file structure01.pdb (PDB, C-alpha atoms)
ATOM      1  CA  MET N   4      -4.985  57.990  26.330
ATOM      2  CA  ALA N   5      -8.169  56.120  25.485
ATOM      3  CA  VAL N   6     -11.492  57.909  25.390
ATOM      4  CA  ILE N   7     -14.728  55.976  25.623
ATOM      5  CA  GLY N   8     -17.403  56.992  23.175
ATOM      6  CA  ALA N   9     -20.856  55.718  22.344
ATOM      7  CA  SER N  10     -22.511  55.398  18.974
ATOM      8  CA  ARG N  11     -26.192  54.707  18.484
ATOM      9  CA  ASP N  12     -27.625  52.382  15.898
ATOM     10  CA  CYS N  13     -30.910  54.119  14.979
ATOM     11  CA  CYS N  14     -32.647  50.996  13.760
ATOM     12  CA  ALA N  15     -31.941  48.751  16.742
ATOM     13  CA  SER N  16     -31.815  51.431  19.466
ATOM     14  CA  VAL N  17     -28.769  49.742  20.956
ATOM     15  CA  PHE N  18     -25.801  51.560  22.385
ATOM     16  CA  ALA N  19     -22.395  50.207  21.470
ATOM     17  CA  VAL N  20     -19.161  51.298  23.092
ATOM     18  CA  SER N  21     -16.069  52.123  21.109
ATOM     19  CA  VAL N  22     -12.571  53.129  22.165
ATOM     20  CA  TYR N  23     -10.877  56.086  20.565
ATOM     21  CA  GLN N  24      -7.142  55.872  20.046
ATOM     22  CA  PRO N  25      -5.189  58.675  18.385
ATOM     23  CA  GLY N  26      -4.498  57.890  14.742
ATOM     24  CA  ARG N  27      -7.281  55.325  14.478
ATOM     25  CA  GLU N  28     -10.805  55.612  13.232
ATOM     26  CA  LEU N  29     -13.676  55.374  15.738
ATOM     27  CA  ALA N  30     -15.230  51.944  15.171
ATOM     28  CA  PRO N  31     -18.209  50.777  17.225
ATOM     29  CA  MET N  32     -18.050  47.462  19.035
ATOM     30  CA  PRO N  33     -20.933  45.025  18.602
ATOM     31  CA  PRO N  34     -23.689  45.397  21.212
ATOM     32  CA  LEU N  35     -23.993  42.903  24.038
ATOM     33  CA  SER N  36     -26.669  40.296  23.535
ATOM     34  CA  VAL N  37     -27.824  39.750  27.120
ATOM     35  CA  GLN N  38     -31.515  39.347  27.726
ATOM     36  CA  PRO N  39     -33.032  41.350  30.631
ATOM     37  CA  HIS N  40     -33.998  38.230  32.604
ATOM     38  CA  GLN N  41     -30.465  36.827  32.191
ATOM     39  CA  ALA N  42     -28.973  40.076  33.459
ATOM     40  CA  SER N  43     -31.206  40.145  36.541
ATOM     41  CA  THR N  44     -30.444  36.486  37.294
ATOM     42  CA  ALA N  45     -26.710  37.154  36.971
ATOM     43  CA  MET N  46     -27.000  40.185  39.248
ATOM     44  CA  LEU N  47     -28.980  38.217  41.830
ATOM     45  CA  ARG N  48     -26.355  35.453  41.737
ATOM     46  CA  GLN N  49     -23.599  38.001  42.340
ATOM     47  CA  PHE N  50     -25.464  39.567  45.266
ATOM     48  CA  LEU N  51     -26.156  36.160  46.855
ATOM     49  CA  VAL N  52     -22.537  35.037  46.568
ATOM     50  CA  GLY N  53     -21.201  38.417  47.690
ATOM     51  CA  PHE N  54     -23.463  38.766  50.681
ATOM     52  CA  THR N  55     -22.921  35.146  51.734
ATOM     53  CA  LEU N  56     -19.175  35.788  51.766
ATOM     54  CA  SER N  57     -19.742  39.075  53.586
ATOM     55  CA  ILE N  58     -21.731  37.311  56.311
ATOM     56  CA  CYS N  59     -18.971  34.709  56.624
ATOM     57  CA  ASN N  60     -16.420  37.497  57.090
ATOM     58  CA  ILE N  61     -18.663  39.325  59.564
ATOM     59  CA  VAL N  62     -18.835  36.154  61.675
ATOM     60  CA  ILE N  63     -15.022  35.849  61.591
ATOM     61  CA  HIS N  64     -14.701  39.508  62.516
ATOM     62  CA  ALA N  65     -17.222  39.233  65.358
ATOM     63  CA  LEU N  66     -15.313  36.284  66.833
ATOM     64  CA  MET N  67     -12.024  38.160  66.626
ATOM     65  CA  MET N  68     -13.584  41.335  68.050
ATOM     66  CA  SER N  69     -14.993  39.490  71.030
ATOM     67  CA  ALA N  70     -11.547  37.971  71.661
ATOM     68  CA  VAL N  71      -9.887  41.402  71.493
ATOM     69  CA  VAL N  72     -12.409  42.957  73.877
ATOM     70  CA  ARG N  73     -12.184  40.038  76.313
ATOM     71  CA  VAL N  74      -8.365  40.065  76.377
ATOM     72  CA  ALA N  75      -8.383  43.843  76.904
ATOM     73  CA  GLN N  76     -10.798  43.404  79.843
ATOM     74  CA  ILE N  77      -8.607  40.711  81.412
ATOM     75  CA  ALA N  78      -5.460  42.786  80.858
ATOM     76  CA  ALA N  79      -7.089  45.771  82.568
ATOM     77  CA  VAL N  80      -7.587  43.748  85.749
ATOM     78  CA  THR N  81      -4.382  41.698  85.830
ATOM     79  CA  HIS N  82      -1.706  44.016  84.419
ATOM     80  CA  LYS N  83       1.444  44.776  86.394
ATOM     81  CA  LEU N  84       3.187  47.000  83.862
ATOM     82  CA  PRO N  85       3.581  50.770  84.152
ATOM     83  CA  PRO N  86       0.642  52.561  82.465
ATOM     84  CA  ARG N  87       2.558  53.540  79.310
ATOM     85  CA  TRP N  88       3.826  49.991  78.667
ATOM     86  CA  HIS N  89       0.449  48.523  79.511
ATOM     87  CA  LEU N  90      -1.155  50.795  76.901
ATOM     88  CA  VAL N  91       1.466  49.883  74.289
ATOM     89  CA  THR N  92       1.086  46.165  75.004
ATOM     90  CA  VAL N  93      -2.713  46.220  74.826
ATOM     91  CA  MET N  94      -2.804  48.301  71.641
ATOM     92  CA  VAL N  95      -0.154  46.223  69.819
ATOM     93  CA  ALA N  96      -1.995  43.026  70.749
ATOM     94  CA  ALA N  97      -5.400  44.422  69.713
ATOM     95  CA  VAL N  98      -4.214  45.817  66.384
ATOM     96  CA  SER N  99      -2.236  42.644  65.590
ATOM     97  CA  VAL N 100      -5.287  40.454  66.147
ATOM     98  CA  LEU N 101      -7.432  42.770  64.012
ATOM     99  CA  MET N 102      -4.866  42.779  61.203
ATOM    100  CA  ALA N 103      -4.849  38.974  61.306
ATOM    101  CA  ALA N 104      -8.650  39.057  61.094
ATOM    102  CA  HIS N 105      -8.555  41.309  58.034
ATOM    103  CA  GLY N 106      -5.886  39.118  56.441
ATOM    104  CA  SER N 107      -7.999  36.007  56.937
ATOM    105  CA  GLU N 108     -11.036  37.786  55.497
ATOM    106  CA  VAL N 109      -9.066  38.702  52.374
ATOM    107  CA  ILE N 110      -8.015  35.046  52.065
ATOM    108  CA  ILE N 111     -11.712  34.035  52.252
ATOM    109  CA  TRP N 112     -12.467  36.419  49.372
ATOM    110  CA  SER N 113      -9.519  35.140  47.323
ATOM    111  CA  LEU N 114     -10.593  31.514  47.809
ATOM    112  CA  ALA N 115     -14.086  32.430  46.669
ATOM    113  CA  TYR N 116     -12.613  34.238  43.664
ATOM    114  CA  ARG N 117     -10.833  31.014  42.732
ATOM    115  CA  ILE N 118     -13.971  28.897  43.172
ATOM    116  CA  ILE N 119     -16.211  31.156  41.079
ATOM    117  CA  ASP N 120     -13.471  31.900  38.536
ATOM    118  CA  ILE N 121     -13.824  35.661  38.803
ATOM    119  CA  ALA N 122     -10.484  36.845  37.403
ATOM    120  CA  PRO N 123      -8.683  36.306  34.118
ATOM    121  CA  ASP N 124      -6.285  33.361  33.907
ATOM    122  CA  GLY N 125      -2.969  33.977  35.614
ATOM    123  CA  ALA N 126      -4.239  36.750  37.904
ATOM    124  CA  ASP N 127      -2.963  36.826  41.488
ATOM    125  CA  LEU N 128      -6.237  36.314  43.366
ATOM    126  CA  VAL N 129      -4.916  37.280  46.820
ATOM    127  CA  TYR N 130      -3.630  40.554  45.368
ATOM    128  CA  PHE N 131      -6.937  41.101  43.552
ATOM    129  CA  ALA N 132      -8.889  40.434  46.761
ATOM    130  CA  PHE N 133      -6.655  42.843  48.731
ATOM    131  CA  VAL N 134      -7.098  45.575  46.123
ATOM    132  CA  ASN N 135     -10.891  45.167  46.265
ATOM    133  CA  TYR N 136     -11.159  44.697  50.063
ATOM    134  CA  THR N 137      -9.092  47.788  50.814
ATOM    135  CA  THR N 138     -10.890  49.806  48.093
ATOM    136  CA  LEU N 139      -7.509  50.601  46.552
ATOM    137  CA  GLY N 140      -8.860  49.981  43.058
ATOM    138  CA  TYR N 141      -5.723  49.881  40.913
ATOM    139  CA  GLY N 142      -7.734  48.435  38.037
ATOM    140  CA  ASP N 143      -4.860  46.336  36.703
ATOM    141  CA  VAL N 144      -6.916  43.172  37.317
ATOM    142  CA  VAL N 145     -10.610  43.335  36.507
ATOM    143  CA  PRO N 146     -13.259  40.682  37.082
ATOM    144  CA  VAL N 147     -14.800  38.771  34.232
ATOM    145  CA  GLU N 148     -18.035  40.292  32.963
ATOM    146  CA  ARG N 149     -20.391  37.838  34.674
ATOM    147  CA  TRP N 150     -18.889  38.646  38.148
ATOM    148  CA  ARG N 151     -18.285  42.386  37.903
ATOM    149  CA  LEU N 152     -20.367  43.232  41.011
ATOM    150  CA  ILE N 153     -18.259  41.060  43.330
ATOM    151  CA  GLY N 154     -15.486  43.691  43.437
ATOM    152  CA  PRO N 155     -17.732  46.454  44.802
ATOM    153  CA  ILE N 156     -19.365  44.012  47.241
ATOM    154  CA  THR N 157     -15.887  43.021  48.466
ATOM    155  CA  ALA N 158     -15.033  46.712  48.867
ATOM    156  CA  MET N 159     -18.243  47.384  50.787
ATOM    157  CA  ASN N 160     -17.451  44.471  53.115
ATOM    158  CA  GLY N 161     -13.905  45.759  53.661
ATOM    159  CA  VAL N 162     -15.011  49.313  54.413
ATOM    160  CA  LEU N 163     -17.566  48.113  56.967
ATOM    161  CA  LEU N 164     -15.094  45.792  58.684
ATOM    162  CA  PHE N 165     -12.331  48.428  58.743
ATOM    163  CA  GLY N 166     -14.789  50.867  60.314
ATOM    164  CA  TRP N 167     -15.781  48.281  62.898
ATOM    165  CA  SER N 168     -12.111  47.608  63.676
ATOM    166  CA  THR N 169     -11.460  51.326  64.071
ATOM    167  CA  ALA N 170     -14.327  51.628  66.547
ATOM    168  CA  VAL N 171     -13.024  48.697  68.605
ATOM    169  CA  ILE N 172      -9.450  50.016  68.579
ATOM    170  CA  PHE N 173     -10.708  53.390  69.788
ATOM    171  CA  GLU N 174     -12.817  51.768  72.533
ATOM    172  CA  VAL N 175      -9.942  49.552  73.727
ATOM    173  CA  LEU N 176      -7.673  52.610  73.753
ATOM    174  CA  ARG N 177     -10.253  54.666  75.664
ATOM    175  CA  ARG N 178     -10.830  51.980  78.284
ATOM    176  CA  THR N 179      -7.140  51.267  78.710
ATOM    177  CA  VAL N 180      -6.277  54.948  79.158
ATOM    178  CA  THR N 181      -9.254  55.566  81.457
ATOM    179  CA  ARG N 182      -8.385  52.618  83.721
ATOM    180  CA  GLY N 183      -4.746  53.656  83.915
ATOM    181  CA  SER N 184      -5.416  57.300  84.761
ATOM    182  CA  PRO N 185      -4.918  58.650  88.304
ATOM    183  CA  THR N 186      -8.602  59.683  88.485
ATOM    184  CA  ALA N 187      -9.677  56.108  87.701
ATOM    185  CA  ALA N 188      -7.675  54.851  90.683
ATOM    186  CA  VAL N 189      -9.323  57.444  92.953
ATOM    187  CA  GLU N 190     -12.795  56.502  91.655
ATOM    188  CA  LYS N 191     -12.169  52.796  92.368
ATOM    189  CA  THR N 192     -11.267  53.508  96.018
ATOM    190  CA  GLN N 193     -14.412  55.528  96.716
TER
END

call {"tool": "encode", "arguments": {"input": "structure01.pdb", "output": "structure tokens"}}
result
Amino acid sequence: MAVIGASRDCCASVFAVSVYQPGRELAPMPPLSVQPHQASTAMLRQFLVGFTLSICNIVIHALMMSAVVRVAQIAAVTHKLPPRWHLVTVMVAAVSVLMAAHGSEVIIWSLAYRIIDIAPDGADLVYFAFVNYTTLGYGDVVPVERWRLIGPITAMNGVLLFGWSTAVIFEVLRRTVTRGSPTAAVEKTQ
């Protein structure tokens, strides 16, 4: 088990991180030599790239959501199946389309990871994107230092889009059940 420790160089007032391993002496690592303006520029670059990709995925998700809602509306009017099978058909179709949307959004992230060279050589970028997007966070693949904020931005994007999908699934379910209920048929005739 590794324990992270910090040692302070009194003269330079710089914190250096060292890793403790049983049976080894605690040896400080050299401090990072990043200037404050370089760090803020790097952070800004990460936010711009991350939020641009997030907007791209939000557009994809909005298009898929509108398709799901529209198909559910059409199915509500034109269905000829018994209520239970109609519900199953609508929900399987809606969830399948939303899963395809999430899959395509992960692919967008993985392509961006390849373009910006975010992961170490040999890393499976689709896997890395899935782990970040779903907030699973195994930690077996970590981004290179200059892109370390992209993982949390990917996770934030995934959480928001999963929440949006959940809301749409619930609404499609609610409308499908409400339209198929005996009271809905009575209300339509009045």

call {"tool": "resolve_selection", "arguments": {"input": "structure01.pdb", "expression": "the PyMOL selection byres ((chain N and resi 93) around 10)", "output": "list in words"}}
result
Val71, Val74, Ala75, Gln76, Ala78, Ala79, His82, Trp88, His89, Leu90, Val91, Thr92, Met94, Val95, Ala96, Ala97, Val98, Ser99, Ile172, Val175, Leu176 and Thr179 of chain N

call {"tool": "resolve_selection", "arguments": {"input": "structure01.pdb", "expression": "the PyMOL selection byres ((chain N and resi 145-156) around 7)", "output": "list in words"}}
result
Ala45, Gln49, Gly53, Ile121, Ala122, Pro123, Asn135, Gly142, Asp143, Val144, Thr157, Ala158, Met159 and Asn160 of chain N

call {"tool": "atom_distance", "arguments": {"input": "structure01.pdb", "atom1": "atom CA of N:Tyr141", "atom2": "atom CA of N:Val109"}}
result
16.4 Å

call {"tool": "atom_distance", "arguments": {"input": "structure01.pdb", "atom1": "atom CA of N:Thr137", "atom2": "atom CA of N:Ile111"}}
result
14.1 Å

call {"tool": "residues_around", "arguments": {"input": "structure01.pdb", "residues": "N:Ile63", "least_positions_apart": "2", "cutoff": "12 Å", "atoms": "only C-alpha atoms", "output": "ChimeraX atom specification"}}
result
/N:56-61,65-70,100-101,103-111,164

call {"tool": "atom_distance", "arguments": {"input": "structure01.pdb", "atom1": "atom CA of N:Gly166", "atom2": "atom CA of N:Ala115"}}
result
22.9 Å

call {"tool": "closest_residue", "arguments": {"input": "structure01.pdb", "among": "N:Ser168, N:Val62, N:Val162, N:Pro86", "to": "N:Leu139", "atoms": "only C-alpha atoms"}}
result
N:Val162

call {"tool": "resolve_selection", "arguments": {"input": "structure01.pdb", "expression": "the PyMOL selection byres ((chain N and resi 129) around 9)", "output": "PyMOL selection string"}}
result
chain N and resi 109-110+112-114+116+126-128+130-134

call {"tool": "closest_residue", "arguments": {"input": "structure01.pdb", "among": "N:Asp120, N:Gly161, N:Gly125, N:Val72", "to": "N:Arg178", "atoms": "only C-alpha atoms"}}
result
N:Val72
